[in-house]
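K.L.:
Sharing data_19.pdb below, PDB, C-alpha atoms and all ligand atoms:
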```pdb
ATOM      1  CA  MET A  16     -38.591 -23.103  -6.654
ATOM      2  CA  LYS A  17     -35.860 -22.384  -4.174
ATOM      3  CA  ARG A  18     -36.766 -19.632  -1.682
ATOM      4  CA  PHE A  19     -33.607 -17.494  -1.708
ATOM      5  CA  ARG A  20     -35.429 -14.578  -0.211
ATOM      6  CA  THR A  21     -35.556 -16.375   3.149
ATOM      7  CA  TYR A  22     -31.859 -15.445   3.441
ATOM      8  CA  ARG A  23     -32.761 -11.780   3.308
ATOM      9  CA  THR A  24     -35.971 -11.309   5.271
ATOM     10  CA  ASP A  25     -34.502  -8.939   7.878
ATOM     11  CA  ALA A  26     -31.205  -7.490   9.063
ATOM     12  CA  ALA A  27     -30.534 -10.272  11.566
ATOM     13  CA  THR A  28     -31.087 -12.988   8.955
ATOM     14  CA  ARG A  29     -28.823 -11.222   6.468
ATOM     15  CA  GLU A  30     -26.185 -10.924   9.163
ATOM     16  CA  LEU A  31     -26.452 -14.659   9.800
ATOM     17  CA  HIS A  32     -25.758 -15.432   6.142
ATOM     18  CA  ALA A  33     -22.941 -12.945   5.637
ATOM     19  CA  ASP A  34     -19.723 -14.798   4.821
ATOM     20  CA  ILE A  35     -17.412 -11.827   4.856
ATOM     21  CA  THR A  36     -16.481  -9.663   7.801
ATOM     22  CA  ILE A  37     -13.638  -7.160   8.003
ATOM     23  CA  LYS A  38     -11.748  -6.544  11.219
ATOM     24  CA  ALA A  39      -9.408  -3.738  12.233
ATOM     25  CA  ASP A  40      -6.606  -6.284  12.138
ATOM     26  CA  ASP A  41      -7.117  -6.737   8.394
ATOM     27  CA  PHE A  42      -6.113  -3.163   7.597
ATOM     28  CA  ILE A  43      -2.783  -1.582   6.783
ATOM     29  CA  TYR A  44      -3.071   2.198   6.977
ATOM     30  CA  PRO A  45      -0.881   4.332   4.677
ATOM     31  CA  LEU A  46       0.895   7.325   6.222
ATOM     32  CA  PHE A  47       2.656  10.124   4.334
ATOM     33  CA  ILE A  48       5.542  11.653   6.287
ATOM     34  CA  VAL A  49       7.132  15.070   5.758
ATOM     35  CA  GLU A  50       9.971  16.990   7.409
ATOM     36  CA  GLY A  51       9.223  19.948   9.646
ATOM     37  CA  LYS A  52       7.504  20.701  12.917
ATOM     38  CA  ASN A  53       3.879  20.321  13.776
ATOM     39  CA  GLN A  54       2.853  19.564  10.183
ATOM     40  CA  ARG A  55      -0.558  18.121   9.328
ATOM     41  CA  GLN A  56      -0.828  19.041   5.670
ATOM     42  CA  THR A  57      -3.996  18.518   3.694
ATOM     43  CA  ILE A  58      -3.678  16.770   0.330
ATOM     44  CA  LYS A  59      -5.799  18.314  -2.391
ATOM     45  CA  THR A  60      -6.368  15.053  -4.232
ATOM     46  CA  LEU A  61      -7.058  12.962  -1.111
ATOM     47  CA  PRO A  62      -9.558  14.711   1.167
ATOM     48  CA  GLY A  63      -9.324  13.300   4.707
ATOM     49  CA  VAL A  64      -5.714  12.138   4.282
ATOM     50  CA  PHE A  65      -2.796  14.226   5.594
ATOM     51  CA  ARG A  66       0.969  14.455   5.466
ATOM     52  CA  PHE A  67       2.412  14.405   8.970
ATOM     53  CA  SER A  68       5.726  15.514  10.384
ATOM     54  CA  ILE A  69       7.185  13.037  12.853
ATOM     55  CA  ASP A  70       6.458  15.208  15.874
ATOM     56  CA  ALA A  71       2.797  15.413  14.820
ATOM     57  CA  LEU A  72       2.343  11.661  14.499
ATOM     58  CA  ASN A  73       1.482  11.065  18.141
ATOM     59  CA  LEU A  74      -2.186  11.974  17.881
ATOM     60  CA  GLU A  75      -2.612  10.150  14.592
ATOM     61  CA  LEU A  76      -1.010   6.954  15.876
ATOM     62  CA  ALA A  77      -3.035   7.133  19.092
ATOM     63  CA  ASP A  78      -6.189   7.501  16.994
ATOM     64  CA  ILE A  79      -5.290   4.579  14.742
ATOM     65  CA  SER A  80      -4.440   2.401  17.747
ATOM     66  CA  SER A  81      -7.631   3.282  19.584
ATOM     67  CA  LEU A  82      -9.553   1.980  16.573
ATOM     68  CA  GLY A  83      -7.642  -1.308  16.746
ATOM     69  CA  ILE A  84      -5.667  -0.708  13.557
ATOM     70  CA  ASN A  85      -2.181  -2.056  14.201
ATOM     71  CA  LYS A  86      -0.354  -1.825  10.871
ATOM     72  CA  VAL A  87       0.914   1.226   8.988
ATOM     73  CA  LEU A  88       2.661   1.632   5.640
ATOM     74  CA  LEU A  89       5.071   4.568   5.468
ATOM     75  CA  PHE A  90       5.792   6.845   2.514
ATOM     76  CA  GLY A  91       8.443   9.546   2.722
ATOM     77  CA  VAL A  92       7.779  12.875   1.026
ATOM     78  CA  ILE A  93      10.993  14.856   0.855
ATOM     79  CA  ASP A  94      12.035  18.260  -0.392
ATOM     80  CA  HIS A  95      12.971  18.505  -4.079
ATOM     81  CA  ALA A  96      16.363  19.907  -3.128
ATOM     82  CA  LEU A  97      17.197  16.583  -1.443
ATOM     83  CA  LYS A  98      16.337  14.475  -4.499
ATOM     84  CA  ASP A  99      19.011  13.377  -6.928
ATOM     85  CA  ALA A 100      19.401  11.065  -9.914
ATOM     86  CA  THR A 101      20.192   8.027  -7.775
ATOM     87  CA  GLY A 102      17.841   8.544  -4.832
ATOM     88  CA  THR A 103      20.565   8.691  -2.185
ATOM     89  CA  ALA A 104      18.181  10.298   0.337
ATOM     90  CA  GLY A 105      16.332   6.974   0.384
ATOM     91  CA  TYR A 106      19.101   4.984   2.026
ATOM     92  CA  ASP A 107      20.555   7.509   4.451
ATOM     93  CA  PRO A 108      20.415   5.695   7.840
ATOM     94  CA  ASP A 109      19.027   8.920   9.273
ATOM     95  CA  SER A 110      16.476   9.434   6.491
ATOM     96  CA  LEU A 111      12.990  10.765   7.154
ATOM     97  CA  ILE A 112      11.568   7.242   7.040
ATOM     98  CA  CYS A 113      14.295   5.768   9.279
ATOM     99  CA  ARG A 114      13.609   8.439  11.901
ATOM    100  CA  THR A 115       9.871   7.784  11.596
ATOM    101  CA  ILE A 116      10.371   4.054  12.117
ATOM    102  CA  ARG A 117      12.444   4.689  15.239
ATOM    103  CA  PHE A 118       9.803   7.103  16.549
ATOM    104  CA  ILE A 119       6.943   4.652  16.039
ATOM    105  CA  LYS A 120       8.878   1.722  17.446
ATOM    106  CA  SER A 121       9.766   3.601  20.621
ATOM    107  CA  TYR A 122       6.350   5.129  21.333
ATOM    108  CA  PHE A 123       3.957   2.662  19.680
ATOM    109  CA  PRO A 124       5.793  -0.678  19.718
ATOM    110  CA  GLN A 125       2.520  -2.557  19.218
ATOM    111  CA  ILE A 126       2.187  -1.097  15.697
ATOM    112  CA  THR A 127       3.617  -3.198  12.881
ATOM    113  CA  VAL A 128       5.574  -0.922  10.567
ATOM    114  CA  PHE A 129       5.697  -1.518   6.816
ATOM    115  CA  THR A 130       7.806   0.758   4.607
ATOM    116  CA  ASP A 131       7.426   1.441   0.906
ATOM    117  CA  VAL A 132      10.758   0.685  -0.768
ATOM    118  CA  CYS A 133      11.037   2.515  -4.066
ATOM    119  CA  LEU A 134      13.094   5.211  -5.744
ATOM    120  CA  CYS A 135      10.321   7.417  -7.121
ATOM    121  CA  GLU A 136       9.951   9.357  -3.861
ATOM    122  CA  TYR A 137      13.693  10.132  -3.806
ATOM    123  CA  THR A 138      14.817  10.609  -7.412
ATOM    124  CA  SER A 139      14.856  13.977  -9.144
ATOM    125  CA  HIS A 140      13.345  12.344 -12.268
ATOM    126  CA  GLY A 141      10.616  10.549 -10.305
ATOM    127  CA  HIS A 142      11.183   7.120 -11.838
ATOM    128  CA  CYS A 143      11.244   4.004  -9.675
ATOM    129  CA  GLY A 144      14.777   3.041 -10.714
ATOM    130  CA  LEU A 145      18.100   4.405 -11.951
ATOM    131  CA  LEU A 146      18.153   5.791 -15.465
ATOM    132  CA  ASP A 147      20.309   4.816 -18.372
ATOM    133  CA  GLY A 148      19.485   7.604 -20.801
ATOM    134  CA  GLU A 149      15.698   7.578 -20.769
ATOM    135  CA  THR A 150      15.279   3.925 -19.858
ATOM    136  CA  VAL A 151      15.065   2.529 -16.353
ATOM    137  CA  ASP A 152      17.991   0.214 -15.708
ATOM    138  CA  ASN A 153      16.746  -2.880 -13.899
ATOM    139  CA  ASP A 154      19.925  -4.517 -12.644
ATOM    140  CA  ASN A 155      21.716  -1.372 -11.495
ATOM    141  CA  THR A 156      18.624  -0.429  -9.500
ATOM    142  CA  LEU A 157      18.639  -3.630  -7.442
ATOM    143  CA  PRO A 158      21.512  -2.721  -5.094
ATOM    144  CA  VAL A 159      19.931   0.687  -4.441
ATOM    145  CA  LEU A 160      16.587  -0.892  -3.521
ATOM    146  CA  ALA A 161      18.477  -3.318  -1.286
ATOM    147  CA  ARG A 162      20.241  -0.410   0.461
ATOM    148  CA  ILE A 163      16.958   1.421   1.079
ATOM    149  CA  ALA A 164      15.364  -1.753   2.457
ATOM    150  CA  LEU A 165      18.395  -2.445   4.634
ATOM    151  CA  ALA A 166      18.322   1.088   6.076
ATOM    152  CA  HIS A 167      14.619   0.673   6.937
ATOM    153  CA  ALA A 168      15.223  -2.767   8.425
ATOM    154  CA  GLN A 169      18.119  -1.543  10.535
ATOM    155  CA  ALA A 170      15.951   1.300  11.804
ATOM    156  CA  GLY A 171      13.467  -1.321  13.016
ATOM    157  CA  ALA A 172      10.861  -1.774  10.272
ATOM    158  CA  ASP A 173       8.909  -5.006  10.655
ATOM    159  CA  PHE A 174       8.245  -5.334   6.925
ATOM    160  CA  VAL A 175       9.901  -3.777   3.907
ATOM    161  CA  ALA A 176       7.619  -3.478   0.882
ATOM    162  CA  PRO A 177       9.374  -3.070  -2.471
ATOM    163  CA  SER A 178       7.119  -1.387  -5.019
ATOM    164  CA  ALA A 179       9.516  -0.528  -7.857
ATOM    165  CA  MET A 180       8.576  -3.509 -10.060
ATOM    166  CA  MET A 181      12.207  -4.278 -10.902
ATOM    167  CA  ASP A 182      12.839  -7.931 -11.738
ATOM    168  CA  GLY A 183      14.799  -9.654  -8.990
ATOM    169  CA  GLN A 184      14.111  -6.967  -6.372
ATOM    170  CA  VAL A 185      12.792  -9.437  -3.807
ATOM    171  CA  GLU A 186      15.852 -11.656  -4.080
ATOM    172  CA  ALA A 187      18.257  -8.698  -3.913
ATOM    173  CA  ILE A 188      16.575  -7.325  -0.790
ATOM    174  CA  LYS A 189      16.284 -10.727   0.902
ATOM    175  CA  GLU A 190      19.975 -11.346   0.337
ATOM    176  CA  ALA A 191      20.922  -8.011   1.867
ATOM    177  CA  LEU A 192      18.705  -8.618   4.902
ATOM    178  CA  THR A 193      20.044 -12.126   5.423
ATOM    179  CA  ALA A 194      23.656 -10.994   5.059
ATOM    180  CA  ALA A 195      23.021  -8.399   7.781
ATOM    181  CA  GLY A 196      21.471 -11.045  10.022
ATOM    182  CA  LEU A 197      18.081  -9.305  10.062
ATOM    183  CA  LYS A 198      14.741 -11.080  10.384
ATOM    184  CA  THR A 199      12.733  -8.283   8.774
ATOM    185  CA  LYS A 200       9.898  -9.624   6.612
ATOM    186  CA  LEU A 201       9.109  -8.657   3.073
ATOM    187  CA  LEU A 202       5.729  -7.721   1.610
ATOM    188  CA  SER A 203       6.128  -7.567  -2.131
ATOM    189  CA  TYR A 204       4.026  -5.369  -4.392
ATOM    190  CA  SER A 205       4.092  -8.400  -6.694
ATOM    191  CA  ALA A 206       1.338  -7.790  -9.205
ATOM    192  CA  LYS A 207       1.406  -4.033  -9.568
ATOM    193  CA  TYR A 208      -0.225  -2.672 -12.700
ATOM    194  CA  ALA A 209       0.573   0.555 -14.537
ATOM    195  CA  SER A 210      -2.665   2.185 -13.450
ATOM    196  CA  SER A 211      -4.360   5.531 -13.856
ATOM    197  CA  PHE A 212      -5.786   4.993 -10.372
ATOM    198  CA  TYR A 213      -2.483   6.116  -8.785
ATOM    199  CA  GLY A 214      -3.109   9.686  -9.953
ATOM    200  CA  PRO A 215      -4.083  11.218  -6.600
ATOM    201  CA  PHE A 216      -1.139   9.502  -4.820
ATOM    202  CA  ARG A 217       1.442  11.165  -6.994
ATOM    203  CA  GLU A 218       0.264  14.538  -5.757
ATOM    204  CA  ALA A 219       0.344  13.261  -2.152
ATOM    205  CA  ALA A 220       3.859  11.807  -2.433
ATOM    206  CA  ASP A 221       5.176  14.248  -5.003
ATOM    207  CA  SER A 222       6.414  11.249  -6.984
ATOM    208  CA  ALA A 223       5.145  11.719 -10.550
ATOM    209  CA  PRO A 224       7.732  10.839 -13.219
ATOM    210  CA  SER A 225       9.143  13.983 -14.820
ATOM    211  CA  PHE A 226       8.968  12.347 -18.272
ATOM    212  CA  GLY A 227       7.362   9.254 -19.761
ATOM    213  CA  ASP A 228       5.382   6.772 -17.709
ATOM    214  CA  ARG A 229       5.908   3.585 -15.727
ATOM    215  CA  LYS A 230       4.743   1.170 -18.406
ATOM    216  CA  THR A 231       8.163  -0.409 -18.952
ATOM    217  CA  TYR A 232       8.246  -1.709 -15.383
ATOM    218  CA  GLN A 233       4.708  -1.787 -13.992
ATOM    219  CA  MET A 234       2.413  -4.408 -15.503
ATOM    220  CA  ASP A 235       0.182  -4.024 -18.536
ATOM    221  CA  TYR A 236      -3.406  -4.504 -17.407
ATOM    222  CA  ARG A 237      -4.319  -6.247 -20.643
ATOM    223  CA  THR A 238      -2.391  -9.349 -19.568
ATOM    224  CA  LYS A 239      -4.220 -12.276 -18.019
ATOM    225  CA  HIS A 240      -1.576 -14.584 -16.575
ATOM    226  CA  GLN A 241       1.466 -12.379 -15.886
ATOM    227  CA  GLY A 242       0.123 -11.263 -12.527
ATOM    228  CA  ILE A 243       0.167 -14.830 -11.239
ATOM    229  CA  GLU A 244       3.618 -15.407 -12.740
ATOM    230  CA  GLU A 245       4.946 -12.268 -11.027
ATOM    231  CA  ILE A 246       3.543 -13.449  -7.693
ATOM    232  CA  ALA A 247       4.982 -16.956  -8.149
ATOM    233  CA  ALA A 248       8.422 -15.499  -8.899
ATOM    234  CA  ASP A 249       8.306 -13.287  -5.804
ATOM    235  CA  ILE A 250       7.371 -16.238  -3.586
ATOM    236  CA  GLU A 251      10.219 -18.198  -5.139
ATOM    237  CA  GLU A 252      12.574 -15.283  -4.388
ATOM    238  CA  GLY A 253      11.504 -15.299  -0.741
ATOM    239  CA  ALA A 254       8.598 -12.834  -0.353
ATOM    240  CA  ASP A 255       6.793 -13.455   2.945
ATOM    241  CA  TRP A 256       3.592 -11.697   1.900
ATOM    242  CA  VAL A 257       2.447 -10.712  -1.584
ATOM    243  CA  MET A 258       0.198  -7.997  -2.964
ATOM    244  CA  VAL A 259      -2.117  -7.180  -5.836
ATOM    245  CA  LYS A 260      -2.471  -3.481  -6.682
ATOM    246  CA  PRO A 261      -4.832  -1.744  -7.434
ATOM    247  CA  ALA A 262      -7.715  -3.729  -5.912
ATOM    248  CA  GLN A 263     -11.173  -2.897  -7.240
ATOM    249  CA  ALA A 264     -10.393  -3.282 -10.951
ATOM    250  CA  TYR A 265      -8.218  -6.364 -10.288
ATOM    251  CA  LEU A 266     -10.496  -8.578  -8.193
ATOM    252  CA  ASP A 267      -9.954 -11.395 -10.686
ATOM    253  CA  ILE A 268      -6.215 -11.302 -10.024
ATOM    254  CA  ILE A 269      -6.781 -11.224  -6.264
ATOM    255  CA  GLN A 270      -9.071 -14.246  -6.545
ATOM    256  CA  ARG A 271      -6.613 -16.182  -8.679
ATOM    257  CA  ALA A 272      -3.702 -15.371  -6.376
ATOM    258  CA  PHE A 273      -5.732 -16.543  -3.384
ATOM    259  CA  VAL A 274      -6.548 -19.834  -5.101
ATOM    260  CA  ALA A 275      -3.036 -20.378  -6.491
ATOM    261  CA  PHE A 276      -1.122 -19.530  -3.289
ATOM    262  CA  PRO A 277      -3.484 -20.257  -0.397
ATOM    263  CA  ASP A 278      -0.665 -20.426   2.162
ATOM    264  CA  VAL A 279       0.933 -17.069   1.400
ATOM    265  CA  PRO A 280      -0.622 -14.010   3.085
ATOM    266  CA  LEU A 281      -2.180 -11.861   0.388
ATOM    267  CA  ALA A 282      -2.676  -8.111   0.577
ATOM    268  CA  ALA A 283      -4.551  -5.851  -1.819
ATOM    269  CA  TYR A 284      -4.094  -2.097  -2.130
ATOM    270  CA  GLN A 285      -7.250  -0.028  -2.487
ATOM    271  CA  VAL A 286      -5.295   2.782  -4.106
ATOM    272  CA  SER A 287      -5.662   6.530  -4.048
ATOM    273  CA  GLY A 288      -7.861   6.713  -7.159
ATOM    274  CA  GLU A 289     -10.288   4.174  -5.745
ATOM    275  CA  TYR A 290     -10.569   6.238  -2.558
ATOM    276  CA  ALA A 291     -10.825   9.554  -4.395
ATOM    277  CA  MET A 292     -13.547   8.297  -6.744
ATOM    278  CA  ILE A 293     -15.811   7.347  -3.849
ATOM    279  CA  LYS A 294     -15.007  10.580  -1.951
ATOM    280  CA  CYS A 295     -15.732  12.691  -4.981
ATOM    281  CA  ALA A 296     -18.947  10.910  -5.949
ATOM    282  CA  ALA A 297     -20.171  11.148  -2.350
ATOM    283  CA  ALA A 298     -19.270  14.839  -2.098
ATOM    284  CA  ASN A 299     -21.420  15.394  -5.168
ATOM    285  CA  GLY A 300     -24.352  13.505  -3.698
ATOM    286  CA  LEU A 301     -24.093  10.654  -6.203
ATOM    287  CA  LEU A 302     -23.755   7.826  -3.717
ATOM    288  CA  ASN A 303     -23.697   7.052  -0.019
ATOM    289  CA  GLU A 304     -20.056   7.099   1.015
ATOM    290  CA  GLU A 305     -20.222   4.604   3.890
ATOM    291  CA  GLN A 306     -22.187   2.110   1.878
ATOM    292  CA  ALA A 307     -19.885   2.493  -1.121
ATOM    293  CA  PHE A 308     -16.597   2.016   0.702
ATOM    294  CA  THR A 309     -18.021  -0.841   2.755
ATOM    295  CA  GLU A 310     -19.138  -2.604  -0.412
ATOM    296  CA  SER A 311     -15.797  -2.012  -2.108
ATOM    297  CA  LEU A 312     -13.721  -3.233   0.863
ATOM    298  CA  THR A 313     -15.973  -6.260   1.311
ATOM    299  CA  ALA A 314     -15.551  -7.205  -2.348
ATOM    300  CA  ILE A 315     -11.767  -7.018  -1.984
ATOM    301  CA  LYS A 316     -11.853  -9.339   1.011
ATOM    302  CA  ARG A 317     -14.389 -11.648  -0.680
ATOM    303  CA  ALA A 318     -12.055 -11.968  -3.661
ATOM    304  CA  GLY A 319      -9.447 -13.411  -1.294
ATOM    305  CA  ALA A 320      -7.328 -10.605   0.137
ATOM    306  CA  GLN A 321      -6.406 -11.256   3.752
ATOM    307  CA  TYR A 322      -5.075  -7.727   4.286
ATOM    308  CA  ILE A 323      -6.267  -4.466   2.774
ATOM    309  CA  ILE A 324      -4.178  -1.338   2.457
ATOM    310  CA  SER A 325      -6.731   1.443   2.498
ATOM    311  CA  TYR A 326      -7.102   5.170   3.113
ATOM    312  CA  TYR A 327     -10.622   4.262   4.297
ATOM    313  CA  ALA A 328      -9.413   2.042   7.158
ATOM    314  CA  LYS A 329     -10.155   4.543   9.923
ATOM    315  CA  GLU A 330     -13.551   5.527   8.555
ATOM    316  CA  PHE A 331     -14.529   1.905   8.089
ATOM    317  CA  ILE A 332     -13.787   0.998  11.702
ATOM    318  CA  ARG A 333     -15.252   4.228  13.049
ATOM    319  CA  LYS A 334     -18.619   3.706  11.390
ATOM    320  CA  GLY A 335     -18.951   0.357  13.151
ATOM    321  CA  LEU A 336     -18.446   1.907  16.613
TER     322      LEU A 336
HETATM  323  C1  LIG A 401       5.591   3.933  -5.356
HETATM  324  C2  LIG A 401       4.134   3.746  -5.094
HETATM  325  C3  LIG A 401       3.007   4.253  -5.780
HETATM  326  C4  LIG A 401       1.886   3.856  -5.034
HETATM  327  C5  LIG A 401       2.345   3.098  -3.964
HETATM  328  N1  LIG A 401       3.720   3.027  -4.023
HETATM  329  C6  LIG A 401       2.925   5.133  -6.958
HETATM  330  C7  LIG A 401       3.265   4.643  -8.287
HETATM  331  O1  LIG A 401       3.612   3.475  -8.489
HETATM  332  O2  LIG A 401       3.235   5.479  -9.186
HETATM  333  C8  LIG A 401       0.461   4.191  -5.342
HETATM  334  C9  LIG A 401      -0.476   4.153  -4.178
HETATM  335  C10 LIG A 401      -1.800   4.796  -4.389
HETATM  336  O3  LIG A 401      -2.180   5.217  -5.497
HETATM  337  O4  LIG A 401      -2.539   4.916  -3.393
HETATM  338  N2  LIG A 401       6.080   3.356  -6.510
END
```
Any chance you could give the structure as structure tokens?

P.N.:
Amino acid sequence: MKRFRTYRTDAATRELHADITIKADDFIYPLFIVEGKNQRQTIKTLPGVFRFSIDALNLELADISSLGINKVLLFGVIDHALKDATGTAGYDPDSLICRTIRFIKSYFPQITVFTDVCLCEYTSHGHCGLLDGETVDNDNTLPVLARIALAHAQAGADFVAPSAMMDGQVEAIKEALTAAGLKTKLLSYSAKYASSFYGPFREAADSAPSFGDRKTYQMDYRTKHQGIEEIAADIEEGADWVMVKPAQAYLDIIQRAFVAFPDVPLAAYQVSGEYAMIKCAAANGLLNEEQAFTESLTAIKRAGAQYIISYYAKEFIRKGL
């Protein structure tokens, strides 16, 4: 008989045998940005997460930095009146996100800035690409994604992160960045599934599609191998980092990506629904919140993710202090 229980006799022994640890440096913290002054808006579907106006970011960024978190992912939430069919607000060089990048880079230069590059936050129809009738037109969307990424890069973003799931988006963006002589890196939302777990985000970012769904561009979760093929194609097209999204229900894909591409930094997105489920269950006394998010984040890292995008980043670090 092998005595496995000797690994678990007390806290110190368990600590000694723990393979997985998560550091502040592993986290990328999502931030929702709105126009206006002194805004710190609550989000009904995401308790504990807020939408900030640029002038109100100081305290939040100071808090994040004091916890050792040094990466943020920006989402722009703009007024409906500014949205149009082609998402022009997304590539204005003075857009909400471009101004936010410049703000962060001048006051918190130590923070690495990632920006979400997609059309759904900027189009009146809420789809992630340009429409041709009721279908999303892949190839016509590529130059628009490239323009948004270029605007973010010129404003000083360290990473642009295309999340539209258009074929060829990485190549189109890379070409635009190279042509402009920019060294901005690219984190691709490579294996992004059409998931019900994005529900709470769409309220936060006001980005729900006005008709239909995203199943013609985001991946079908019943597929086994396409996720790895999508990641391989993005690496081929020049992605510097890749991502699997969501995380908890896709640990198999994270694990396979880690094994297949050990040299490419891999991120996983613990999405809004994953966060909200734990929050909601905890609020109803069904589970211990700290233990649940720690277990979930640890599983994501154990599966092979080097970086985790998570709304729980601050709480995770804070509980260890
Ligand atoms: C934009 C985008 C979405 C998320 C990240 N980028 C929404 C979507 O694809 O519908 C979801 C993030 C989350 O749920 O936390 N395309």

K.L.:
So that I can see what lies close to Ile315 in chain A, please list as a ChimeraX atom specification the residues with an atom at most 12 Å from it, counting all atoms listed in the file and leaving out residues fewer than 6 positions away in the same chain.

P.N.:
/A:35-37,41-42,259-270,273,281-286,289,308-309,321-325

K.L.:
Please extract the residues at most 9 Å from ligand LIG 401 (chain A), counting all atoms listed in the file, and provide them as an NGL selection string, using the chain letters and residue numbers of this document.

P.N.:
:A and (45 or 90 or 131-136 or 142-143 or 177-180 or 204 or 207-217 or 219-220 or 222-224 or 228-229 or 233 or 260-261 or 284-290 or 324-326)

K.L.:
I need the residue nearest Ala161 in chain A from this list: A:Ile188, A:Ala176, A:Val64, A:Leu111. Use only C-alpha atoms for the distance.

P.N.:
A:Ile188

K.L.:
Return as JSON the centre and edge lengths, in Å with one decimal, of the box along x, y and z that encloses every atom of range 228-233 of chain A in the file, padded by 4 Å per side.

P.N.:
```
{"center_x": 6.5, "center_y": 2.5, "center_z": -16.5, "size_x": 11.5, "size_y": 16.6, "size_z": 13.0}
```

K.L.:
Using all atoms listed in the file, which of A:Gly141, A:Gly300, A:Gly242, A:Gly227 sits nearest His95 in chain A?

P.N.:
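When distances to His95 in chain A are compared using all atoms listed in the file, the smallest one comes from A:Gly141.
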
K.L.:
Nearest to Asp147 in chain A: which of A:Ala100, A:Met258, A:Val92, A:Ala191 is it, counting only C-alpha atoms?

P.N.:
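That would be A:Ala100, the residue with the smallest distance to Asp147 in chain A.
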
K.L.:
Between CA of His240 in chain A and CA of Ala275 in chain A, what distance in Å does the model show, to one decimal?

P.N.:
11.7 Å

K.L.:
Show which residues sit within 9 Å of Ile243 in chain A, as number ranges by chain. Count all atoms listed in the file, and ignore same-chain residues fewer than 5 positions away.

P.N.:
A: 205-206, 248, 268, 271-272, 275

K.L.:
Can you write just those residues out, C-alpha atoms, as a CSV table (one decimal), in the frame of the given file?

P.N.:
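Saved file result01.csv follows:
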```csv
chain,number,residue,atom,x,y,z
A,205,SER,CA,4.1,-8.4,-6.7
A,206,ALA,CA,1.3,-7.8,-9.2
A,248,ALA,CA,8.4,-15.5,-8.9
A,268,ILE,CA,-6.2,-11.3,-10.0
A,271,ARG,CA,-6.6,-16.2,-8.7
A,272,ALA,CA,-3.7,-15.4,-6.4
A,275,ALA,CA,-3.0,-20.4,-6.5
```

K.L.:
Kindly give the distance, in Å, that separates CA of Lys200 in chain A and CA of Gln241 in chain A, rounded to a single decimal.

P.N.:
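Computing the Euclidean distance for CA of Lys200 in chain A and CA of Gln241 in chain A yields 24.2 Å.
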
K.L.:
When the PyMOL selection byres (((chain A and resi 78) around 12) and not hetatm) is applied to the structure above, which residues does it catch, written out as number ranges by chain?

P.N.:
A: 44, 72-77, 79-85, 123, 328-330, 332-333

K.L.:
When the PyMOL selection byres (((chain A and resi 101) around 12) and not hetatm) is applied to the file above, which residues end up in the set, as a PyMOL selection string?

P.N.:
chain A and resi 97-100+102-106+133-147+151-152+155-160+162-163

K.L.:
Please indicate the distance in Å from CA of Phe47 in chain A to CA of Leu312 in chain A, rounded to one decimal place.

P.N.:
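CA of Leu312 in chain A lies 21.4 Å from CA of Phe47 in chain A.
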
K.L.:
Give the answer as one residue: which of A:Tyr327, A:Arg317, A:Tyr236, A:Phe118 has the shortest atom-to-atom distance to Glu304 in chain A, using all atoms listed in the file?

P.N.:
A:Tyr327

K.L.:
Run the PyMOL selection byres (((chain A and resi 182) around 8) and not hetatm) on the file and write out the hits as a VMD selection string.

P.N.:
chain A and resid 153 to 154 180 to 181 183 to 184

K.L.:
For a quick check of understanding, using all atoms listed in the file, which of A:Lys17, A:Ile246, A:Gly253, A:Ser110 has the smallest distance to Thr193 in chain A?

P.N.:
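The shortest atom-to-atom distance to Thr193 in chain A comes from A:Gly253.
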
K.L.:
Which residue, A:His32, A:Ala297, A:Ala195, A:Thr130, has the smallest gap to Phe19 in chain A when you use all atoms listed in the file?

P.N.:
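Smallest distance to Phe19 in chain A is found for A:His32.
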
K.L.:
Would you kindly place N, CA and C atoms on range 267-274 of chain A and return the model as a PDB file, keeping the file's coordinate frame?

P.N.:
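Output below, filename selection_3.pdb:
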```pdb
ATOM      1  N   ASP A 267     -10.227 -10.083 -10.073  1.00  0.00           N
ATOM      2  CA  ASP A 267      -9.954 -11.395 -10.686  1.00  0.00           C
ATOM      3  C   ASP A 267      -8.544 -11.871 -10.340  1.00  0.00           C
ATOM      4  N   ILE A 268      -7.603 -10.933 -10.331  1.00  0.00           N
ATOM      5  CA  ILE A 268      -6.215 -11.302 -10.024  1.00  0.00           C
ATOM      6  C   ILE A 268      -6.091 -11.666  -8.539  1.00  0.00           C
ATOM      7  N   ILE A 269      -6.784 -10.914  -7.694  1.00  0.00           N
ATOM      8  CA  ILE A 269      -6.781 -11.224  -6.264  1.00  0.00           C
ATOM      9  C   ILE A 269      -7.318 -12.643  -6.056  1.00  0.00           C
ATOM     10  N   GLN A 270      -8.441 -12.923  -6.694  1.00  0.00           N
ATOM     11  CA  GLN A 270      -9.071 -14.246  -6.545  1.00  0.00           C
ATOM     12  C   GLN A 270      -8.143 -15.368  -7.020  1.00  0.00           C
ATOM     13  N   ARG A 271      -7.505 -15.139  -8.157  1.00  0.00           N
ATOM     14  CA  ARG A 271      -6.613 -16.182  -8.679  1.00  0.00           C
ATOM     15  C   ARG A 271      -5.388 -16.361  -7.794  1.00  0.00           C
ATOM     16  N   ALA A 272      -4.866 -15.269  -7.263  1.00  0.00           N
ATOM     17  CA  ALA A 272      -3.702 -15.371  -6.376  1.00  0.00           C
ATOM     18  C   ALA A 272      -4.071 -16.143  -5.116  1.00  0.00           C
ATOM     19  N   PHE A 273      -5.258 -15.866  -4.597  1.00  0.00           N
ATOM     20  CA  PHE A 273      -5.732 -16.543  -3.384  1.00  0.00           C
ATOM     21  C   PHE A 273      -5.860 -18.049  -3.624  1.00  0.00           C
ATOM     22  N   VAL A 274      -6.364 -18.408  -4.783  1.00  0.00           N
ATOM     23  CA  VAL A 274      -6.548 -19.834  -5.101  1.00  0.00           C
ATOM     24  C   VAL A 274      -5.190 -20.497  -5.387  1.00  0.00           C
TER      25      VAL A 274
END
```
